[in-house]
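> I'd like to ask some things about the structure below.
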Amino acid sequence: MTTWTAAVQNVVPRLSVMQLEALRIVSQAPGLNLTSFADLVGATAPTASRLCDRLEAAGLLRRERAPANRREVGLSLTLQGQELWASISEQRSLAMRRVLQGVPAAQREALLAGLGAFAAAVKDGRGKGGSAREP
């Protein structure tokens with residue numbers, strides 16, 4: 001987490017963890033509506049709307065009326081938001097690559113296999129809820 005977080009400490013504009021997560025979510029699902037966005041960031045609709053207000057004011061996010069339903073608003077990154085997210089992603093990848101290069105090859109393979117299993121468990125929803133003692 002330290003490496004991941006440190007990679008974005010010099011990003012301008014300065015963004016909170018929640019704002020970074022919002023950029024990630026919208027970059028992966030352009031056109032996402034506010035209700036779905038709120039669910040994904042784990043916030044109420046008013047809190048998610050204020051988060052979008054701040055990102056929009058920074059020139060990173062835009063809200064557009066959905067063509068099929070004029071009452072629905074879709075979220076997308078502006079060009080500046082796309083460029084910033086691409087830069088952040090690249091900085092994080094480089095930081096992680098530097099760390100991984102310091103891990104011996106055999107241990108790196110074991111780590112990558114473990115992370116693959118971890119990612120699969122998250123995707124399958126096995127990581128939700130439950131006790132910390134569960135396998």
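Letters for chains follow the order of the structure tokens (A, B, ...), residue numbers begin at 1 for each chain, and ligand numbers begin at 1 in the order shown.
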Name all residues at most 7 Å from Ala7 in chain A (count only C-alpha atoms; drop same-chain ones fewer than 5 positions away) and give them as a list in words.
Gln91, Arg92 and Ala95 of chain A
> Select from chain A everything DSSP, run on the backbone, classes as alpha helix (DSSP H), then give the selection as a VMD selection string.
chain A and resid 2 to 6 17 to 28 34 to 41 45 to 57 79 to 101 105 to 124
> Excluding range 66-75 of chain A and residues on its chain fewer than 4 positions from it, collect all residues at most 10 Å away from it, counting only C-alpha atoms, and give them as an NGL selection string.
:A and (25-27 or 29-37 or 52 or 56 or 61-62)
> Take the residues that were just selected and, keeping N, CA, C and O atoms, output them as a PDB file, in the first residue's frame.

ATOM      1  N   ILE A  25     -12.910   4.073 -11.287  1.00  0.00           N
ATOM      2  CA  ILE A  25     -14.213   3.491 -11.601  1.00  0.00           C
ATOM      3  C   ILE A  25     -14.762   4.068 -12.900  1.00  0.00           C
ATOM      4  O   ILE A  25     -15.195   3.327 -13.789  1.00  0.00           O
ATOM      5  N   VAL A  26     -14.737   5.386 -13.037  1.00  0.00           N
ATOM      6  CA  VAL A  26     -15.290   6.013 -14.236  1.00  0.00           C
ATOM      7  C   VAL A  26     -14.442   5.689 -15.460  1.00  0.00           C
ATOM      8  O   VAL A  26     -14.978   5.507 -16.558  1.00  0.00           O
ATOM      9  N   SER A  27     -13.136   5.545 -15.284  1.00  0.00           N
ATOM     10  CA  SER A  27     -12.290   5.191 -16.433  1.00  0.00           C
ATOM     11  C   SER A  27     -12.627   3.795 -16.946  1.00  0.00           C
ATOM     12  O   SER A  27     -12.531   3.527 -18.140  1.00  0.00           O
ATOM     13  N   ALA A  29     -15.670   2.357 -16.598  1.00  0.00           N
ATOM     14  CA  ALA A  29     -17.080   2.259 -16.986  1.00  0.00           C
ATOM     15  C   ALA A  29     -17.618   3.625 -17.413  1.00  0.00           C
ATOM     16  O   ALA A  29     -18.495   4.190 -16.760  1.00  0.00           O
ATOM     17  N   PRO A  30     -17.098   4.179 -18.526  1.00  0.00           N
ATOM     18  CA  PRO A  30     -17.598   5.476 -18.975  1.00  0.00           C
ATOM     19  C   PRO A  30     -19.101   5.401 -19.248  1.00  0.00           C
ATOM     20  O   PRO A  30     -19.595   4.401 -19.761  1.00  0.00           O
ATOM     21  N   GLY A  31     -19.819   6.453 -18.863  1.00  0.00           N
ATOM     22  CA  GLY A  31     -21.257   6.491 -19.053  1.00  0.00           C
ATOM     23  C   GLY A  31     -22.026   5.964 -17.859  1.00  0.00           C
ATOM     24  O   GLY A  31     -23.253   5.995 -17.836  1.00  0.00           O
ATOM     25  N   LEU A  32     -21.315   5.484 -16.866  1.00  0.00           N
ATOM     26  CA  LEU A  32     -21.923   4.960 -15.642  1.00  0.00           C
ATOM     27  C   LEU A  32     -22.849   6.009 -15.039  1.00  0.00           C
ATOM     28  O   LEU A  32     -22.500   7.185 -14.993  1.00  0.00           O
ATOM     29  N   ASN A  33     -24.043   5.576 -14.566  1.00  0.00           N
ATOM     30  CA  ASN A  33     -24.944   6.556 -13.958  1.00  0.00           C
ATOM     31  C   ASN A  33     -24.564   6.794 -12.500  1.00  0.00           C
ATOM     32  O   ASN A  33     -23.806   6.030 -11.911  1.00  0.00           O
ATOM     33  N   LEU A  34     -25.101   7.857 -11.928  1.00  0.00           N
ATOM     34  CA  LEU A  34     -24.725   8.278 -10.585  1.00  0.00           C
ATOM     35  C   LEU A  34     -25.088   7.235  -9.527  1.00  0.00           C
ATOM     36  O   LEU A  34     -24.319   7.005  -8.595  1.00  0.00           O
ATOM     37  N   THR A  35     -26.226   6.585  -9.680  1.00  0.00           N
ATOM     38  CA  THR A  35     -26.637   5.573  -8.700  1.00  0.00           C
ATOM     39  C   THR A  35     -25.657   4.402  -8.678  1.00  0.00           C
ATOM     40  O   THR A  35     -25.226   3.963  -7.609  1.00  0.00           O
ATOM     41  N   SER A  36     -25.294   3.914  -9.844  1.00  0.00           N
ATOM     42  CA  SER A  36     -24.330   2.810  -9.924  1.00  0.00           C
ATOM     43  C   SER A  36     -22.967   3.244  -9.419  1.00  0.00           C
ATOM     44  O   SER A  36     -22.275   2.499  -8.722  1.00  0.00           O
ATOM     45  N   PHE A  37     -22.578   4.472  -9.750  1.00  0.00           N
ATOM     46  CA  PHE A  37     -21.310   5.019  -9.275  1.00  0.00           C
ATOM     47  C   PHE A  37     -21.288   5.069  -7.752  1.00  0.00           C
ATOM     48  O   PHE A  37     -20.314   4.643  -7.119  1.00  0.00           O
ATOM     49  N   CYS A  52     -18.443  13.934  -7.314  1.00  0.00           N
ATOM     50  CA  CYS A  52     -18.444  14.278  -8.739  1.00  0.00           C
ATOM     51  C   CYS A  52     -18.328  15.787  -8.936  1.00  0.00           C
ATOM     52  O   CYS A  52     -17.636  16.240  -9.860  1.00  0.00           O
ATOM     53  N   GLU A  56     -15.523  17.404 -11.167  1.00  0.00           N
ATOM     54  CA  GLU A  56     -15.961  18.216 -12.299  1.00  0.00           C
ATOM     55  C   GLU A  56     -15.344  19.613 -12.220  1.00  0.00           C
ATOM     56  O   GLU A  56     -14.857  20.151 -13.218  1.00  0.00           O
ATOM     57  N   LEU A  61     -13.814  15.353 -14.656  1.00  0.00           N
ATOM     58  CA  LEU A  61     -15.015  14.546 -14.857  1.00  0.00           C
ATOM     59  C   LEU A  61     -16.074  15.396 -15.530  1.00  0.00           C
ATOM     60  O   LEU A  61     -16.135  16.609 -15.325  1.00  0.00           O
ATOM     61  N   ARG A  62     -16.914  14.732 -16.316  1.00  0.00           N
ATOM     62  CA  ARG A  62     -18.040  15.440 -16.932  1.00  0.00           C
ATOM     63  C   ARG A  62     -19.298  14.598 -16.743  1.00  0.00           C
ATOM     64  O   ARG A  62     -19.233  13.380 -16.731  1.00  0.00           O
TER      65      ARG A  62
END
> Which residues come within 8 Å of Gly81 in chain A, counting only C-alpha atoms, excluding same-chain residues fewer than 6 positions away, as a list in words?
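Close residues of Gly81 in chain A: Leu23, Gly59, Leu60 and Leu61 of chain A.
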> How would the residues just picked look written out with C-alpha atoms as a PDB file, in the first residue's frame?

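Below is the file that was written, again.pdb:
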ATOM      1  CA  LEU A  23     -11.369   8.208 -11.451  1.00  0.00           C
ATOM      2  CA  GLY A  59     -11.852  19.554 -14.915  1.00  0.00           C
ATOM      3  CA  LEU A  60     -11.427  15.776 -14.565  1.00  0.00           C
ATOM      4  CA  LEU A  61     -15.015  14.546 -14.857  1.00  0.00           C
TER       5      LEU A  61
END
> Quick check, in Å to one decimal: how far apart do CA of Trp85 in chain A and CA of Ala43 in chain A lie?
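CA of Ala43 in chain A lies at a distance of 21.3 Å from CA of Trp85 in chain A.
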